[in-house]
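What follows is one structure encoded as structure tokens, with my remarks underneath.
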Amino acid sequence: MPRSVTLALTMLILLTAGLAAQEHPSLSARLGRETEALLRPVLDSAAHDGLPVGALESKALEGVAKGRPPDEIRTVVRRLADRLRQARAILTDAEPDTPVAPREIVTASEALESGVSPGDIARLRRNAPAKTSLEIPFAVLGELVRRGVPGSQARDVVAGLVQSKVPEERIVGIPARMDVGIRGGAPPVQALGRALQGMGLPVPPSFPHPGNPGKGNGRGRGRGGGGR
Amino acid sequence: MKPEHERLSQYLNGELPREKLSPELQAEADGFLRPFEEAKRERITAPPWLGSAVMRRVRAAPRSRWRGVLDWLVTPKVVRLTPVTAVLVLAAGITLGTVMWRRAAPGPEIATEMQDGRVTTRFVFVAPEASSVAVTGDFVGWRRDGIPLERDPNGNGLWVAVVRLQPGVHQYAFVIDGTEWRPDPNASQLDDGFGQKNSVLLVPPARS
């Protein structure tokens with residue numbers, strides 16, 4: 001092959017690679033040298049522990065996009081790694097023989113952040129039918145608690161739906177439906193009961209009847225509520 | 001027409017004074033005008049049964065239901081309310097309007113169709129003064145330029161983008177004019193760890 005053709009092909013390959021790199025810059029390029037150096041031990045340790053490193057990288061990129069200094073990004077990412085580690089331990093301890101999906105770890109950690117107790121997360125995991133993804137149920141559990149439903153009642157509702165194998169696309173609509181009741185002035189538990197009833201979903205027997213506001217306190221904040 | 005009849009006609013039309021008529025024509029003209037003079041003097045009234053008979057016929061005439069509703073709607077009516085009732089009616093109207101407005105508040109809209117494993121999602125943000133709005137989040141690696149929203153051409157300050165997302169839980173925010181970060185006011189929010197809020201979006205796996 002003539003030398004000029006080889007040179008032209010090499011130039012073409014380098015140019016294409018350069019353009020591709022511009023379009024999808026690497027993590028290092030987006031984080032910057034200093035931030036990446038600070039984060040590298042945190043990311044390596046997380047990978048070693050089997051944590052979803054993608055969630056940590058995403059949080060770091062978020063910090064960069066929001067213009068936060070490298071030190072602060074490292075602090076936030078490390079805190080998130082600790083929460084993921086805690087969530088992973090809770091899920092693994094609850095069902096040691098069942099593998100945990102990375103997305104389940106992420107949403108379980110967000111549920112912890114929302115005020116769901118470790119006990120409620122563990123119980124939901126233990127009571128779920130085999131091969132059921134809990135990514136959405138953990139997220140919905142966190143949403144309910146964040147809206148003021150006591151942890152144990154939120155867990156009973158979500159666990160009941162998971163055990164009944166209610167499709168995720170129905171479970172996912174509960175918080176928004178509940179918001180309608182809350183905006184109408186209903187206490188959180190009553191709003192949840194109405195949402196379930198309105199969506200034709202099962203309401204746990206222990207739950208206050210939606211038509212009877214006198215039953216149940218309905219106004220608990222839910223942080224730390226519930227337990228094993 | 002004979003000349004004397006023409007003069008009579010001119011008189012009756014007010015075009016000729018009475019003095020210009022001969023005594024015979026004056027007598028003839030009086031004969032024409034007498035019944036009118038008598039009618040003016042007498043008071044003619046309708047018999048008492050006539051009004052109710054006419055109204056009975058009017059009411060009996062066929063009329064469509066919609067015409068009746070329309071007549072009722074456009075006929076002015078006097079409504080008497082006590083001040084307390086008026087205040088209560090006004091308060092109920094304001095409350096109902098507020099509830100309906102809140103119910104209609106737009107949030108991320110998730111379509112039920114799925115293509116290539118992704119679910120169509122519609123983001124809406126209200127920013128009448130903004131010159132650009134983008135949505136960014138974990139689904140685009142938190143790029144600041146994110147996915148640009150398009151301004152609604154109706155001039156209502158709405159910005160809209162349709163994005164296809166993987167099912168799962170996503171965090172996102174809007175970037176206004178390339179600098180200002182804002183969560184979605186109509187979605188659930190979560191502390192981002194950096195002192196701000198992210199919005200949370202749950203995308204279920206739609207049935208294909």
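Each chain in the structure tokens gets a letter, A, B and so on, in the order shown; residues start at 1 in every chain, and ligands are counted from 1 in the order they appear.
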
Pull out every residue of chain B that has at least one atom within 6 Å of chain A, counting only C-alpha atoms, and report them as a PDB file with C-alpha atoms, in the first residue's frame.
ATOM      1  CA  TRP B 142     -26.309  15.674  33.399  1.00  0.00           C
ATOM      2  CA  ARG B 144     -25.791  21.299  31.028  1.00  0.00           C
ATOM      3  CA  GLY B 193     -26.730  16.813  47.948  1.00  0.00           C
ATOM      4  CA  PRO B 204     -42.734   2.219  34.287  1.00  0.00           C
TER       5      PRO B 204
END

Next item on the list: as a PyMOL selection string, please: all residues of range 28-126 of chain A that backbone DSSP puts in alpha helix (DSSP H).
Entry: chain A and resi 28-31+33-48+53-65+70-94+102-114+118-126

Next item on the list: Mind the document's chain letters and residue numbers, and return as a ChimeraX atom specification the residues of range 123-178 of chain B that DSSP labels strand (DSSP E or B).
Entry: /B:123-126,133-137,147-148,150-151,158-165,168-176

Can you write out the residues you just picked, keeping N, CA and C atoms, as a PDB file, in the first residue's frame?
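Okay, this is what ended up in out_35.pdb:
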ATOM      1  N   PHE B 123     -41.977  16.404  28.681  1.00  0.00           N
ATOM      2  CA  PHE B 123     -41.636  17.358  29.744  1.00  0.00           C
ATOM      3  C   PHE B 123     -42.236  18.720  29.398  1.00  0.00           C
ATOM      4  N   VAL B 124     -42.814  19.358  30.401  1.00  0.00           N
ATOM      5  CA  VAL B 124     -43.415  20.677  30.201  1.00  0.00           C
ATOM      6  C   VAL B 124     -42.914  21.604  31.303  1.00  0.00           C
ATOM      7  N   PHE B 125     -42.535  22.827  30.931  1.00  0.00           N
ATOM      8  CA  PHE B 125     -42.084  23.807  31.924  1.00  0.00           C
ATOM      9  C   PHE B 125     -42.646  25.172  31.545  1.00  0.00           C
ATOM     10  N   VAL B 126     -43.058  25.933  32.550  1.00  0.00           N
ATOM     11  CA  VAL B 126     -43.623  27.262  32.300  1.00  0.00           C
ATOM     12  C   VAL B 126     -42.557  28.311  32.599  1.00  0.00           C
ATOM     13  N   VAL B 133     -34.847  26.910  27.383  1.00  0.00           N
ATOM     14  CA  VAL B 133     -35.076  25.969  28.481  1.00  0.00           C
ATOM     15  C   VAL B 133     -34.603  24.597  28.003  1.00  0.00           C
ATOM     16  N   ALA B 134     -33.864  23.900  28.859  1.00  0.00           N
ATOM     17  CA  ALA B 134     -33.427  22.530  28.530  1.00  0.00           C
ATOM     18  C   ALA B 134     -33.743  21.633  29.717  1.00  0.00           C
ATOM     19  N   VAL B 135     -33.984  20.363  29.436  1.00  0.00           N
ATOM     20  CA  VAL B 135     -34.140  19.395  30.516  1.00  0.00           C
ATOM     21  C   VAL B 135     -32.884  18.533  30.524  1.00  0.00           C
ATOM     22  N   THR B 136     -32.336  18.356  31.715  1.00  0.00           N
ATOM     23  CA  THR B 136     -31.140  17.512  31.834  1.00  0.00           C
ATOM     24  C   THR B 136     -31.315  16.601  33.040  1.00  0.00           C
ATOM     25  N   GLY B 137     -30.558  15.535  33.059  1.00  0.00           N
ATOM     26  CA  GLY B 137     -30.694  14.577  34.154  1.00  0.00           C
ATOM     27  C   GLY B 137     -29.781  13.397  33.939  1.00  0.00           C
ATOM     28  N   ILE B 147     -31.416  18.416  26.866  1.00  0.00           N
ATOM     29  CA  ILE B 147     -32.317  18.301  25.715  1.00  0.00           C
ATOM     30  C   ILE B 147     -33.148  19.580  25.666  1.00  0.00           C
ATOM     31  N   PRO B 148     -33.008  20.361  24.592  1.00  0.00           N
ATOM     32  CA  PRO B 148     -33.726  21.645  24.557  1.00  0.00           C
ATOM     33  C   PRO B 148     -35.243  21.459  24.458  1.00  0.00           C
ATOM     34  N   GLU B 150     -38.896  23.143  23.358  1.00  0.00           N
ATOM     35  CA  GLU B 150     -39.361  24.106  22.346  1.00  0.00           C
ATOM     36  C   GLU B 150     -40.477  24.955  22.919  1.00  0.00           C
ATOM     37  N   ARG B 151     -40.405  26.231  22.573  1.00  0.00           N
ATOM     38  CA  ARG B 151     -41.435  27.149  23.069  1.00  0.00           C
ATOM     39  C   ARG B 151     -42.775  26.856  22.373  1.00  0.00           C
ATOM     40  N   LEU B 158     -45.318  28.241  27.775  1.00  0.00           N
ATOM     41  CA  LEU B 158     -45.003  26.819  27.970  1.00  0.00           C
ATOM     42  C   LEU B 158     -43.828  26.409  27.094  1.00  0.00           C
ATOM     43  N   TRP B 159     -42.968  25.571  27.648  1.00  0.00           N
ATOM     44  CA  TRP B 159     -41.870  24.960  26.904  1.00  0.00           C
ATOM     45  C   TRP B 159     -42.056  23.452  26.969  1.00  0.00           C
ATOM     46  N   VAL B 160     -41.847  22.766  25.858  1.00  0.00           N
ATOM     47  CA  VAL B 160     -42.196  21.346  25.785  1.00  0.00           C
ATOM     48  C   VAL B 160     -41.075  20.561  25.094  1.00  0.00           C
ATOM     49  N   ALA B 161     -40.804  19.367  25.610  1.00  0.00           N
ATOM     50  CA  ALA B 161     -39.879  18.441  24.926  1.00  0.00           C
ATOM     51  C   ALA B 161     -40.412  17.024  25.076  1.00  0.00           C
ATOM     52  N   VAL B 162     -40.293  16.251  24.035  1.00  0.00           N
ATOM     53  CA  VAL B 162     -40.685  14.837  24.093  1.00  0.00           C
ATOM     54  C   VAL B 162     -39.403  14.013  24.043  1.00  0.00           C
ATOM     55  N   VAL B 163     -39.213  13.185  25.062  1.00  0.00           N
ATOM     56  CA  VAL B 163     -37.964  12.434  25.216  1.00  0.00           C
ATOM     57  C   VAL B 163     -38.306  10.964  25.395  1.00  0.00           C
ATOM     58  N   ARG B 164     -37.477  10.097  24.828  1.00  0.00           N
ATOM     59  CA  ARG B 164     -37.702   8.659  25.039  1.00  0.00           C
ATOM     60  C   ARG B 164     -36.721   8.169  26.090  1.00  0.00           C
ATOM     61  N   LEU B 165     -37.265   7.645  27.186  1.00  0.00           N
ATOM     62  CA  LEU B 165     -36.444   7.275  28.339  1.00  0.00           C
ATOM     63  C   LEU B 165     -36.516   5.779  28.612  1.00  0.00           C
ATOM     64  N   GLY B 168     -37.567   3.048  34.543  1.00  0.00           N
ATOM     65  CA  GLY B 168     -36.799   3.119  35.785  1.00  0.00           C
ATOM     66  C   GLY B 168     -37.050   4.442  36.488  1.00  0.00           C
ATOM     67  N   VAL B 169     -36.194   4.741  37.440  1.00  0.00           N
ATOM     68  CA  VAL B 169     -36.327   5.965  38.223  1.00  0.00           C
ATOM     69  C   VAL B 169     -35.265   6.948  37.742  1.00  0.00           C
ATOM     70  N   HIS B 170     -35.684   8.135  37.384  1.00  0.00           N
ATOM     71  CA  HIS B 170     -34.755   9.145  36.862  1.00  0.00           C
ATOM     72  C   HIS B 170     -34.826  10.414  37.707  1.00  0.00           C
ATOM     73  N   GLN B 171     -33.657  11.080  37.807  1.00  0.00           N
ATOM     74  CA  GLN B 171     -33.625  12.414  38.410  1.00  0.00           C
ATOM     75  C   GLN B 171     -33.323  13.410  37.304  1.00  0.00           C
ATOM     76  N   TYR B 172     -33.943  14.587  37.406  1.00  0.00           N
ATOM     77  CA  TYR B 172     -33.748  15.581  36.358  1.00  0.00           C
ATOM     78  C   TYR B 172     -33.986  16.981  36.897  1.00  0.00           C
ATOM     79  N   ALA B 173     -33.647  17.955  36.078  1.00  0.00           N
ATOM     80  CA  ALA B 173     -33.894  19.371  36.412  1.00  0.00           C
ATOM     81  C   ALA B 173     -33.971  20.143  35.104  1.00  0.00           C
ATOM     82  N   PHE B 174     -34.510  21.346  35.187  1.00  0.00           N
ATOM     83  CA  PHE B 174     -34.558  22.220  34.008  1.00  0.00           C
ATOM     84  C   PHE B 174     -33.456  23.271  34.123  1.00  0.00           C
ATOM     85  N   VAL B 175     -32.846  23.621  32.999  1.00  0.00           N
ATOM     86  CA  VAL B 175     -31.830  24.675  32.974  1.00  0.00           C
ATOM     87  C   VAL B 175     -32.398  25.832  32.156  1.00  0.00           C
ATOM     88  N   ILE B 176     -32.554  26.973  32.827  1.00  0.00           N
ATOM     89  CA  ILE B 176     -33.164  28.132  32.194  1.00  0.00           C
ATOM     90  C   ILE B 176     -32.058  29.061  31.706  1.00  0.00           C
TER      91      ILE B 176
END

Check: Separation of CA of Leu84 in chain A and CA of Ser28 in chain A, in Å?
Finding: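 If I compute the distance from CA of Leu84 in chain A to CA of Ser28 in chain A, I get 22.5 Å.
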
Taking 3 positions as the minimum chain separation for residues in the same chain, which residues sit within 12 Å of Tyr11 in chain B when counting only C-alpha atoms? Answer as a PDB file with C-alpha atoms, in the first residue's frame.
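Full text of out-v8.pdb as output:
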ATOM      1  CA  GLU B   4    -114.598  65.831  -9.308  1.00  0.00           C
ATOM      2  CA  HIS B   5    -113.393  62.429  -8.002  1.00  0.00           C
ATOM      3  CA  GLU B   6    -109.800  63.522  -8.511  1.00  0.00           C
ATOM      4  CA  ARG B   7    -110.459  66.664  -6.385  1.00  0.00           C
ATOM      5  CA  LEU B   8    -112.101  64.486  -3.726  1.00  0.00           C
ATOM      6  CA  GLY B  14    -104.581  66.287   2.403  1.00  0.00           C
ATOM      7  CA  GLU B  15    -103.440  67.906  -0.809  1.00  0.00           C
ATOM      8  CA  LEU B  16    -106.470  70.217  -1.195  1.00  0.00           C
ATOM      9  CA  PRO B  17    -108.244  72.431   1.399  1.00  0.00           C
ATOM     10  CA  ARG B  18    -111.912  71.735   2.104  1.00  0.00           C
ATOM     11  CA  GLU B  19    -112.941  75.221   0.848  1.00  0.00           C
ATOM     12  CA  LYS B  20    -111.866  74.260  -2.676  1.00  0.00           C
ATOM     13  CA  LEU B  21    -114.553  71.541  -2.825  1.00  0.00           C
ATOM     14  CA  SER B  22    -118.066  72.105  -4.006  1.00  0.00           C
ATOM     15  CA  LEU B  25    -118.176  67.021  -2.840  1.00  0.00           C
ATOM     16  CA  GLN B  26    -117.862  68.249   0.781  1.00  0.00           C
ATOM     17  CA  GLU B  28    -119.526  63.177  -0.130  1.00  0.00           C
ATOM     18  CA  ALA B  29    -116.157  63.605   1.667  1.00  0.00           C
ATOM     19  CA  ASP B  30    -117.932  63.804   5.037  1.00  0.00           C
ATOM     20  CA  PHE B  32    -116.182  58.920   3.694  1.00  0.00           C
ATOM     21  CA  LEU B  33    -114.675  60.377   6.888  1.00  0.00           C
TER      22      LEU B  33
END

Checklist line | One-decimal distance in Å that lies between CA of Val158 in chain A and CA of Asp49 in chain A | finding: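 For CA of Asp49 in chain A relative to CA of Val158 in chain A, the distance reads 28.9 Å.
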
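Interatomic distance, CA of Ala187 in chain B to CA of Ser199 in chain B: 5.9 Å.
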
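Comparing B:Arg80, B:Ser132, B:Ala127, B:Gly31 by their smallest distance to Pro185 in chain B, the closest is B:Ala127 (using only C-alpha atoms).
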